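Asks: Got a structure for you, questions after.
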Amino acid sequence: MNDTPDLLKKLKEYGKSDFYPFHMPGHKRQYKESFAADFPNPFSLDITEIEGFDNLHHPEGILKESMEWASGIYGSSRTYYLINGSSSGILSAISGTVSRGGTILMSRNCHKSAFHGVFLNQLKAEYIYPQIIPEFGIQGGLIPGKIEEMLMNHREIQAVFVVSPTYDGIVSDVKAIAEIVHRFHLPLIVDEAHGAHFSFGREGKFPVSALELGADVVIQSLHKTLPSFTQTAVMHVREGYVDMGRLDRYVHIYQTSSPSYVLMAGIESCIRYMAGEGVKQMKLFSDKIDWIRMVLSGLNHLKLLTDQEKGMHGIYDMDRSKIIISTRGTGKSGTWLDDRLRKEYHLEMEMCGPDYVTAITTLADTQEGLERLCNALLSIDSMLSTEAGYEGGEIGLCQELDRTPECRLTIAQAMDEPRHRIAIPHGEGMISAEFVYVYPPGIPIVVPGEVLNKTSIDLIMKYKELGLAVQGMEDEDSRELYVVDEV
């Protein structure tokens, strides 16, 4: 008989290994550092809503004071502690700003939780598409003028939802977008999940937070880039274009009724650290990033995404802490590089695409870890031109986000209609009843209600061939997809 599963044992063994994390959470398991020095065993803090410790769903005491204090740190009208991650903030923001059955304008590269918000509220979604950085095959920024054009042509839109920065650290011109959206008297929601460190990094050459640039609702995942527990996030709200009472109602709907005091204490502890010592550490972290990028400028075959792309492809700014390494021109895929870094160098990346890998660096990274990454990439790079079978070709794939797919049903209609399952290669011309995305980052290739075409089918099959995690379908093997029954 097989041994029973033991997740804790597996985690402890992994924690003792020499595998180094270039992925979230942002604390990088550095529990001996100053940001974690005063945090005791979590079992000693794990309580429920007892006398003197307030209630997150009706805060009147210490939690109310804590969130008001955090609001003062960030300069918001109100800041919410989210213990269901950024997803709960995204769902709350969409539900709280768009009436049921209404229309939202959203960037097509949104996280799947935004699409879930569209489904739950039976919304119609109009899309604004990010530009593409052709040399890397990754998404660039959003063009503000395109948003203005969409708002002029679709007067029924009730809110605008954009992602900045992207998973790869690309920042759009949020200030210009906010000014445009406000001219139409609408709220701007920004998914800044990957930019929680922006608020504390002004002295370290990091981008400005969307909250300071005029956005009305900004959602940040503390755990992605700051020393905070997985599942912790904050939502900042600015009064003016948002119905504060309606939004507040939905926050309490999407948050668990049993919020973790460990996570809430972790949020407060993280913000206190970042507002104090963290500001200095962000400057030191910026210097480390300069060093990393100087060292990696010596790559000959692999390519490092640099800020030379700023000003092009809708890119207003870039988060330099995201290390994007392209394999284009090497004849190797992103999955190949990701696998090699893991197996040979014990370095775990945040994600890989068809022909690139993404490493998340944070202020918690050790010098040893950063040196290991640089040395590994330089070593792999030096061997590429002499490896057997190297032909100098390229994978050359990129998700086609600049073409509007045919959409016959809303997401909610497609997911609720009668359906049947077909093999993905046989689905051309049929209406998808399911999402299809690569996770991470969880950006849909196909959305329910859209017609499957040859391009999307070929892309899905190629991603599968490359070993990427194609998900979203009920079929665990990702070979079949539910489509809508059509008469």
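In the structure tokens, chains take the letters A, B, ... in the order shown, each chain's residues start at 1, and ligands count up from 1 in the order shown.
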Among region 27-251 of chain A, which ones does DSSP assign to strand (DSSP E or B) (computed from the backbone)? Answer as a ChimeraX atom specification.
Replies: /A:78-82,103-107,124-128,132-133,138-139,157-163,170-171,188-191,217-220,233-237
Asks: Take the residues from that selection and put them in a file with N, CA and C atoms, as a tab-separated table (two decimals), in the first residue's frame.
Replies:
chain	number	residue	atom	x	y	z
A	78	ARG	N	-9.86	54.95	0.72
A	78	ARG	CA	-10.09	53.76	1.55
A	78	ARG	C	-9.21	52.64	1.05
A	79	THR	N	-8.64	51.88	1.98
A	79	THR	CA	-7.84	50.71	1.63
A	79	THR	C	-8.43	49.49	2.33
A	80	TYR	N	-8.63	48.44	1.57
A	80	TYR	CA	-9.17	47.18	2.10
A	80	TYR	C	-8.06	46.14	2.20
A	81	TYR	N	-8.06	45.38	3.29
A	81	TYR	CA	-7.21	44.20	3.40
A	81	TYR	C	-7.94	43.04	2.74
A	82	LEU	N	-7.27	42.38	1.79
A	82	LEU	CA	-7.87	41.25	1.07
A	82	LEU	C	-7.15	39.97	1.46
A	103	THR	N	-22.09	46.65	-19.48
A	103	THR	CA	-20.93	46.48	-20.36
A	103	THR	C	-19.69	47.06	-19.70
A	104	ILE	N	-18.59	46.33	-19.81
A	104	ILE	CA	-17.31	46.77	-19.29
A	104	ILE	C	-16.28	46.75	-20.42
A	105	LEU	N	-15.39	47.73	-20.43
A	105	LEU	CA	-14.26	47.73	-21.35
A	105	LEU	C	-13.05	47.21	-20.58
A	106	MET	N	-12.45	46.15	-21.07
A	106	MET	CA	-11.34	45.54	-20.35
A	106	MET	C	-10.22	45.16	-21.31
A	107	SER	N	-8.99	45.23	-20.81
A	107	SER	CA	-7.87	44.79	-21.63
A	107	SER	C	-7.93	43.28	-21.77
A	124	LYS	N	-21.47	42.14	-20.64
A	124	LYS	CA	-20.91	42.11	-21.98
A	124	LYS	C	-19.54	42.77	-21.89
A	125	ALA	N	-18.55	42.14	-22.47
A	125	ALA	CA	-17.18	42.68	-22.42
A	125	ALA	C	-16.76	43.18	-23.79
A	126	GLU	N	-16.28	44.42	-23.82
A	126	GLU	CA	-15.60	44.96	-24.99
A	126	GLU	C	-14.11	44.96	-24.64
A	127	TYR	N	-13.25	44.68	-25.62
A	127	TYR	CA	-11.84	44.49	-25.32
A	127	TYR	C	-10.95	45.55	-25.97
A	128	ILE	N	-9.94	45.94	-25.20
A	128	ILE	CA	-8.84	46.72	-25.73
A	128	ILE	C	-7.62	45.81	-25.72
A	132	ILE	N	2.08	44.26	-29.17
A	132	ILE	CA	3.00	43.11	-29.07
A	132	ILE	C	4.43	43.61	-29.27
A	133	ILE	N	5.35	43.12	-28.43
A	133	ILE	CA	6.77	43.40	-28.61
A	133	ILE	C	7.30	42.32	-29.54
A	138	ILE	N	6.08	39.01	-26.61
A	138	ILE	CA	5.30	39.19	-25.39
A	138	ILE	C	4.45	40.44	-25.54
A	139	GLN	N	3.50	40.60	-24.62
A	139	GLN	CA	2.58	41.72	-24.70
A	139	GLN	C	3.26	43.01	-24.28
A	157	ILE	N	-20.68	51.54	-22.11
A	157	ILE	CA	-19.64	51.07	-21.17
A	157	ILE	C	-19.77	51.81	-19.83
A	158	GLN	N	-19.67	51.06	-18.73
A	158	GLN	CA	-19.85	51.63	-17.40
A	158	GLN	C	-18.56	51.70	-16.58
A	159	ALA	N	-17.53	50.98	-16.99
A	159	ALA	CA	-16.25	51.02	-16.27
A	159	ALA	C	-15.17	50.50	-17.20
A	160	VAL	N	-13.92	50.89	-16.90
A	160	VAL	CA	-12.77	50.44	-17.68
A	160	VAL	C	-11.82	49.70	-16.75
A	161	PHE	N	-11.37	48.53	-17.20
A	161	PHE	CA	-10.51	47.66	-16.39
A	161	PHE	C	-9.25	47.35	-17.20
A	162	VAL	N	-8.08	47.70	-16.66
A	162	VAL	CA	-6.83	47.43	-17.37
A	162	VAL	C	-5.83	46.76	-16.44
A	163	VAL	N	-4.83	46.12	-17.04
A	163	VAL	CA	-3.75	45.47	-16.31
A	163	VAL	C	-2.47	46.27	-16.52
A	170	ILE	N	5.41	45.13	-17.90
A	170	ILE	CA	5.16	46.22	-18.85
A	170	ILE	C	4.09	47.15	-18.28
A	171	VAL	N	4.41	48.45	-18.22
A	171	VAL	CA	3.53	49.45	-17.63
A	171	VAL	C	2.96	50.34	-18.73
A	188	LEU	N	-11.93	54.08	-13.45
A	188	LEU	CA	-10.85	53.26	-13.99
A	188	LEU	C	-10.37	52.30	-12.92
A	189	ILE	N	-10.42	51.00	-13.22
A	189	ILE	CA	-9.93	49.95	-12.33
A	189	ILE	C	-8.61	49.45	-12.89
A	190	VAL	N	-7.58	49.38	-12.04
A	190	VAL	CA	-6.28	48.90	-12.49
A	190	VAL	C	-5.87	47.68	-11.69
A	191	ASP	N	-5.66	46.59	-12.39
A	191	ASP	CA	-5.09	45.39	-11.79
A	191	ASP	C	-3.57	45.61	-11.72
A	217	VAL	N	-9.81	52.55	-8.65
A	217	VAL	CA	-9.67	51.33	-7.87
A	217	VAL	C	-8.38	50.64	-8.30
A	218	VAL	N	-7.51	50.35	-7.35
A	218	VAL	CA	-6.23	49.71	-7.65
A	218	VAL	C	-6.07	48.50	-6.76
A	219	ILE	N	-5.85	47.35	-7.37
A	219	ILE	CA	-5.69	46.09	-6.64
A	219	ILE	C	-4.24	45.66	-6.71
A	220	GLN	N	-3.64	45.40	-5.55
A	220	GLN	CA	-2.23	45.00	-5.48
A	220	GLN	C	-2.08	43.69	-4.71
A	233	ALA	N	-3.43	40.61	-0.14
A	233	ALA	CA	-3.52	41.68	-1.13
A	233	ALA	C	-4.21	42.88	-0.50
A	234	VAL	N	-4.21	43.99	-1.22
A	234	VAL	CA	-4.93	45.18	-0.78
A	234	VAL	C	-5.66	45.77	-1.97
A	235	MET	N	-6.75	46.48	-1.68
A	235	MET	CA	-7.48	47.22	-2.71
A	235	MET	C	-7.61	48.65	-2.25
A	236	HIS	N	-7.12	49.58	-3.07
A	236	HIS	CA	-7.21	51.00	-2.78
A	236	HIS	C	-8.33	51.61	-3.60
A	237	VAL	N	-9.10	52.49	-2.98
A	237	VAL	CA	-10.23	53.12	-3.67
A	237	VAL	C	-10.13	54.63	-3.49
Asks: Skipping near chain neighbours, those fewer than 3 positions away, what residues fall within 12 Å of region 198-201 of chain A using only C-alpha atoms, listed as a count of residues only?
Replies: 55
Asks: Go through A:Asp38, A:Ile177, A:Val98, A:Pro441 one by one, measure the shortest atom-to-atom distance of each to Cys110 (chain A) using only C-alpha atoms, and give the residue with the smallest value.
Replies: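 The closest residue to Cys110 (chain A) is A:Pro441.
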Asks: Using only C-alpha atoms, which of the listed residues (A:Met349, A:Val242, A:Leu11, A:Leu377) sits closest to Ala93 (chain A)?
Replies: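 Closest to Ala93 (chain A) of all the choices is A:Val242.
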Asks: Do a neighbour search on Glu486 (chain A) at 10 Å with only C-alpha atoms, toss out local chain neighbours closer than 6 positions, and write the hits as a list in words.
Replies: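 Residues near the query, excluding close chain neighbours: Glu417, Pro418, Arg419, His420, Met430 and Ile431 of chain A.
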Asks: Convert the current residue selection to file output with all heavy atoms, as a PDB file, in the first residue's frame.
Replies:
ATOM      1  N   GLU A 417     -25.361  27.539 -21.770  1.00  0.00           N
ATOM      2  CA  GLU A 417     -26.087  26.885 -22.855  1.00  0.00           C
ATOM      3  C   GLU A 417     -25.822  25.371 -22.844  1.00  0.00           C
ATOM      4  O   GLU A 417     -24.795  24.914 -22.332  1.00  0.00           O
ATOM      5  CB  GLU A 417     -25.642  27.458 -24.204  1.00  0.00           C
ATOM      6  CG  GLU A 417     -26.166  28.854 -24.513  1.00  0.00           C
ATOM      7  CD  GLU A 417     -27.643  28.836 -24.838  1.00  0.00           C
ATOM      8  OE1 GLU A 417     -28.067  28.004 -25.656  1.00  0.00           O
ATOM      9  OE2 GLU A 417     -28.371  29.663 -24.254  1.00  0.00           O
ATOM     10  N   PRO A 418     -26.722  24.583 -23.443  1.00  0.00           N
ATOM     11  CA  PRO A 418     -26.428  23.156 -23.648  1.00  0.00           C
ATOM     12  C   PRO A 418     -25.136  23.007 -24.441  1.00  0.00           C
ATOM     13  O   PRO A 418     -24.863  23.818 -25.347  1.00  0.00           O
ATOM     14  CB  PRO A 418     -27.641  22.656 -24.441  1.00  0.00           C
ATOM     15  CG  PRO A 418     -28.743  23.596 -24.075  1.00  0.00           C
ATOM     16  CD  PRO A 418     -28.088  24.932 -23.891  1.00  0.00           C
ATOM     17  N   ARG A 419     -24.380  21.971 -24.150  1.00  0.00           N
ATOM     18  CA  ARG A 419     -23.055  21.855 -24.761  1.00  0.00           C
ATOM     19  C   ARG A 419     -22.682  20.398 -24.978  1.00  0.00           C
ATOM     20  O   ARG A 419     -23.307  19.498 -24.450  1.00  0.00           O
ATOM     21  CB  ARG A 419     -22.021  22.521 -23.849  1.00  0.00           C
ATOM     22  CG  ARG A 419     -21.995  21.882 -22.455  1.00  0.00           C
ATOM     23  CD  ARG A 419     -21.041  22.590 -21.514  1.00  0.00           C
ATOM     24  NE  ARG A 419     -20.891  21.804 -20.287  1.00  0.00           N
ATOM     25  CZ  ARG A 419     -19.912  21.956 -19.404  1.00  0.00           C
ATOM     26  NH1 ARG A 419     -18.987  22.874 -19.609  1.00  0.00           N
ATOM     27  NH2 ARG A 419     -19.838  21.203 -18.335  1.00  0.00           N
ATOM     28  N   HIS A 420     -21.638  20.206 -25.751  1.00  0.00           N
ATOM     29  CA  HIS A 420     -21.089  18.866 -25.940  1.00  0.00           C
ATOM     30  C   HIS A 420     -19.582  18.992 -26.096  1.00  0.00           C
ATOM     31  O   HIS A 420     -19.050  20.077 -26.402  1.00  0.00           O
ATOM     32  CB  HIS A 420     -21.722  18.172 -27.152  1.00  0.00           C
ATOM     33  CG  HIS A 420     -21.442  18.840 -28.463  1.00  0.00           C
ATOM     34  ND1 HIS A 420     -22.123  19.968 -28.900  1.00  0.00           N
ATOM     35  CD2 HIS A 420     -20.537  18.565 -29.448  1.00  0.00           C
ATOM     36  CE1 HIS A 420     -21.674  20.346 -30.077  1.00  0.00           C
ATOM     37  NE2 HIS A 420     -20.701  19.512 -30.439  1.00  0.00           N
ATOM     38  N   MET A 430     -16.832  26.396 -34.284  1.00  0.00           N
ATOM     39  CA  MET A 430     -17.773  26.160 -33.189  1.00  0.00           C
ATOM     40  C   MET A 430     -17.582  27.207 -32.082  1.00  0.00           C
ATOM     41  O   MET A 430     -16.532  27.825 -31.962  1.00  0.00           O
ATOM     42  CB  MET A 430     -17.584  24.759 -32.625  1.00  0.00           C
ATOM     43  CG  MET A 430     -17.816  23.652 -33.638  1.00  0.00           C
ATOM     44  SD  MET A 430     -17.569  21.997 -32.920  1.00  0.00           S
ATOM     45  CE  MET A 430     -17.794  20.967 -34.361  1.00  0.00           C
ATOM     46  N   ILE A 431     -18.622  27.383 -31.266  1.00  0.00           N
ATOM     47  CA  ILE A 431     -18.588  28.366 -30.177  1.00  0.00           C
ATOM     48  C   ILE A 431     -18.087  27.700 -28.908  1.00  0.00           C
ATOM     49  O   ILE A 431     -18.676  26.733 -28.418  1.00  0.00           O
ATOM     50  CB  ILE A 431     -19.988  28.959 -29.926  1.00  0.00           C
ATOM     51  CG1 ILE A 431     -20.529  29.615 -31.199  1.00  0.00           C
ATOM     52  CG2 ILE A 431     -19.946  29.965 -28.781  1.00  0.00           C
ATOM     53  CD1 ILE A 431     -21.968  30.072 -31.074  1.00  0.00           C
TER      54      ILE A 431
END
Asks: Please run DSSP on the backbone and report, as a PyMOL selection string, all residues within region 420-470 of chain A that come out as alpha helix (DSSP H).
Replies: chain A and resi 454-465
Asks: Which residues are near Met351 (chain A)? Cut-off 8 Å, only C-alpha atoms, ignore same chain within fewer than 2 positions. Put them as a ChimeraX atom specification.
Replies: /A:23,338,349,353,357-359,440-441
Asks: Output N, CA and C atoms of each residue in that selection to a file, as a JSON list (two decimals), in the first residue's frame.
Replies:
[["chain", "number", "residue", "atom", "x", "y", "z"],
["A", 23, "HIS", "N", 10.33, 33.12, -8.11],
["A", 23, "HIS", "CA", 8.89, 33.15, -8.26],
["A", 23, "HIS", "C", 8.29, 33.75, -7.01],
["A", 338, "ASP", "N", 13.46, 26.78, -19.15],
["A", 338, "ASP", "CA", 12.87, 26.64, -17.81],
["A", 338, "ASP", "C", 13.24, 25.30, -17.20],
["A", 349, "MET", "N", 11.84, 29.19, -11.96],
["A", 349, "MET", "CA", 11.33, 30.43, -12.53],
["A", 349, "MET", "C", 9.85, 30.63, -12.17],
["A", 353, "GLY", "N", 7.10, 31.00, -21.20],
["A", 353, "GLY", "CA", 6.24, 31.09, -22.36],
["A", 353, "GLY", "C", 6.80, 30.21, -23.46],
["A", 357, "VAL", "N", 11.44, 32.94, -20.58],
["A", 357, "VAL", "CA", 11.17, 32.65, -19.17],
["A", 357, "VAL", "C", 11.10, 33.97, -18.42],
["A", 358, "THR", "N", 10.33, 33.97, -17.33],
["A", 358, "THR", "CA", 10.20, 35.14, -16.48],
["A", 358, "THR", "C", 10.68, 34.80, -15.08],
["A", 359, "ALA", "N", 11.63, 35.58, -14.59],
["A", 359, "ALA", "CA", 12.11, 35.44, -13.21],
["A", 359, "ALA", "C", 11.66, 36.66, -12.42],
["A", 440, "PRO", "N", 0.78, 29.61, -15.29],
["A", 440, "PRO", "CA", 0.55, 31.04, -15.38],
["A", 440, "PRO", "C", 0.81, 31.55, -16.81],
["A", 441, "PRO", "N", 0.29, 32.72, -17.14],
["A", 441, "PRO", "CA", -0.30, 33.77, -16.32],
["A", 441, "PRO", "C", -1.82, 33.73, -16.21]]
Asks: Quick one: distance from CA of Lys303 (chain A) to CA of Leu337 (chain A) in Å, one decimal?
Replies: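 For CA of Lys303 (chain A) relative to CA of Leu337 (chain A), the distance reads 12.2 Å.
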Asks: Can you tell me which residues surround region 344-348 of chain A at a distance of at most 8 Å, considering only C-alpha atoms, apart from same-chain residues fewer than 6 positions away, and format the answer as a PyMOL selection string?
Replies: chain A and resi 18-23+338+372-373+376
Asks: Distance CA of Gly334 (chain A)-CA of Ala423 (chain A), one decimal place?
Replies: 26.2 Å
Asks: Which one of A:Gly314, A:Gly96, A:Asn375, A:Thr230 sits closest to Gly145 (chain A) if you count only C-alpha atoms?
Replies: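 Nearest to Gly145 (chain A): A:Gly314.
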Asks: At what distance in Å, to one decimal, does CA of Phe39 (chain A) lie from CA of Pro59 (chain A)?
Replies: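 For CA of Pro59 (chain A) relative to CA of Phe39 (chain A), the distance reads 23.3 Å.
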Asks: Between A:Ile47, A:Val118, A:Val262, A:Ala364, single out the one closest to Ile411 (chain A), counting only C-alpha atoms.
Replies: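 Among A:Ile47, A:Val118, A:Val262, A:Ala364, it is A:Val118 that comes nearest to Ile411 (chain A).
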Asks: Restricting the calculation to only C-alpha atoms, which member of A:Ile315, A:Met473, A:Ile90, A:Leu56 is positioned closest to Met264 (chain A)?
Replies: A:Leu56
Asks: Applying 8 Å and only C-alpha atoms, which residues near region 48-54 of chain A remain after dropping the ones on its own chain fewer than 4 positions away? List them as a list in words.
Replies: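 The residues that qualify are His58, Pro59, Glu60, Gly61, Ile62, Leu63, Lys64, Ser258, Pro259, Ser260 and Tyr261 of chain A.
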Asks: Put those residues in a file: all heavy atoms, as a CSV table (one decimal), in the first residue's frame.
Replies:
chain,number,residue,atom,x,y,z
A,58,HIS,N,-17.3,43.9,9.6
A,58,HIS,CA,-18.0,45.1,10.2
A,58,HIS,C,-16.9,45.7,11.1
A,58,HIS,O,-17.1,45.8,12.3
A,58,HIS,CB,-19.2,44.7,11.0
A,58,HIS,CG,-20.0,45.8,11.4
A,58,HIS,ND1,-20.7,46.7,10.6
A,58,HIS,CD2,-20.2,46.3,12.7
A,58,HIS,CE1,-21.3,47.6,11.3
A,58,HIS,NE2,-21.0,47.4,12.6
A,59,PRO,N,-15.9,46.3,10.5
A,59,PRO,CA,-14.8,46.8,11.3
A,59,PRO,C,-15.1,48.0,12.1
A,59,PRO,O,-15.6,49.0,11.5
A,59,PRO,CB,-13.7,47.0,10.3
A,59,PRO,CG,-14.4,47.3,9.0
A,59,PRO,CD,-15.6,46.4,9.1
A,60,GLU,N,-14.9,48.0,13.4
A,60,GLU,CA,-15.2,49.2,14.2
A,60,GLU,C,-14.0,49.5,15.1
A,60,GLU,O,-13.9,50.6,15.6
A,60,GLU,CB,-16.4,48.9,15.1
A,60,GLU,CG,-17.7,48.7,14.3
A,60,GLU,CD,-18.9,48.3,15.2
A,60,GLU,OE1,-18.8,47.3,15.9
A,60,GLU,OE2,-19.8,49.2,15.3
A,61,GLY,N,-13.1,48.5,15.3
A,61,GLY,CA,-12.0,48.7,16.2
A,61,GLY,C,-10.6,48.6,15.6
A,61,GLY,O,-10.3,49.4,14.7
A,62,ILE,N,-9.8,47.7,16.0
A,62,ILE,CA,-8.4,47.6,15.6
A,62,ILE,C,-8.3,47.4,14.1
A,62,ILE,O,-7.4,47.9,13.5
A,62,ILE,CB,-7.7,46.5,16.4
A,62,ILE,CG1,-6.2,46.6,16.1
A,62,ILE,CG2,-8.2,45.1,16.1
A,62,ILE,CD1,-5.3,45.8,17.1
A,63,LEU,N,-9.2,46.6,13.4
A,63,LEU,CA,-9.1,46.4,12.0
A,63,LEU,C,-9.4,47.6,11.2
A,63,LEU,O,-8.8,48.0,10.2
A,63,LEU,CB,-9.9,45.2,11.6
A,63,LEU,CG,-9.5,43.8,12.1
A,63,LEU,CD1,-10.5,42.8,11.6
A,63,LEU,CD2,-8.1,43.5,11.7
A,64,LYS,N,-10.4,48.4,11.7
A,64,LYS,CA,-10.8,49.6,11.1
A,64,LYS,C,-9.6,50.6,11.2
A,64,LYS,O,-9.3,51.3,10.2
A,64,LYS,CB,-12.0,50.2,11.7
A,64,LYS,CG,-12.6,51.5,11.2
A,64,LYS,CD,-13.9,51.9,11.8
A,64,LYS,CE,-14.5,53.2,11.2
A,64,LYS,NZ,-13.7,54.4,11.6
A,258,SER,N,-14.6,33.8,7.4
A,258,SER,CA,-13.7,33.5,8.5
A,258,SER,C,-12.3,34.0,8.1
A,258,SER,O,-11.4,33.2,7.8
A,258,SER,CB,-13.7,32.0,8.7
A,258,SER,OG,-15.0,31.5,9.0
A,259,PRO,N,-12.1,35.3,8.1
A,259,PRO,CA,-10.8,35.8,7.7
A,259,PRO,C,-9.7,35.5,8.6
A,259,PRO,O,-9.9,35.4,9.9
A,259,PRO,CB,-11.0,37.3,7.7
A,259,PRO,CG,-12.2,37.6,8.6
A,259,PRO,CD,-13.1,36.4,8.5
A,260,SER,N,-8.5,35.2,8.1
A,260,SER,CA,-7.4,34.7,8.9
A,260,SER,C,-6.7,35.9,9.5
A,260,SER,O,-6.2,36.8,8.8
A,260,SER,CB,-6.4,34.0,8.0
A,260,SER,OG,-5.2,33.8,8.6
A,261,TYR,N,-6.6,35.9,10.8
A,261,TYR,CA,-5.9,36.9,11.5
A,261,TYR,C,-4.4,36.8,11.3
A,261,TYR,O,-3.6,37.8,11.3
A,261,TYR,CB,-6.2,36.9,13.0
A,261,TYR,CG,-7.4,37.6,13.4
A,261,TYR,CD1,-8.7,36.9,13.3
A,261,TYR,CD2,-7.4,38.9,13.8
A,261,TYR,CE1,-9.9,37.6,13.6
A,261,TYR,CE2,-8.6,39.6,14.1
A,261,TYR,CZ,-9.8,38.9,14.0
A,261,TYR,OH,-11.0,39.6,14.2
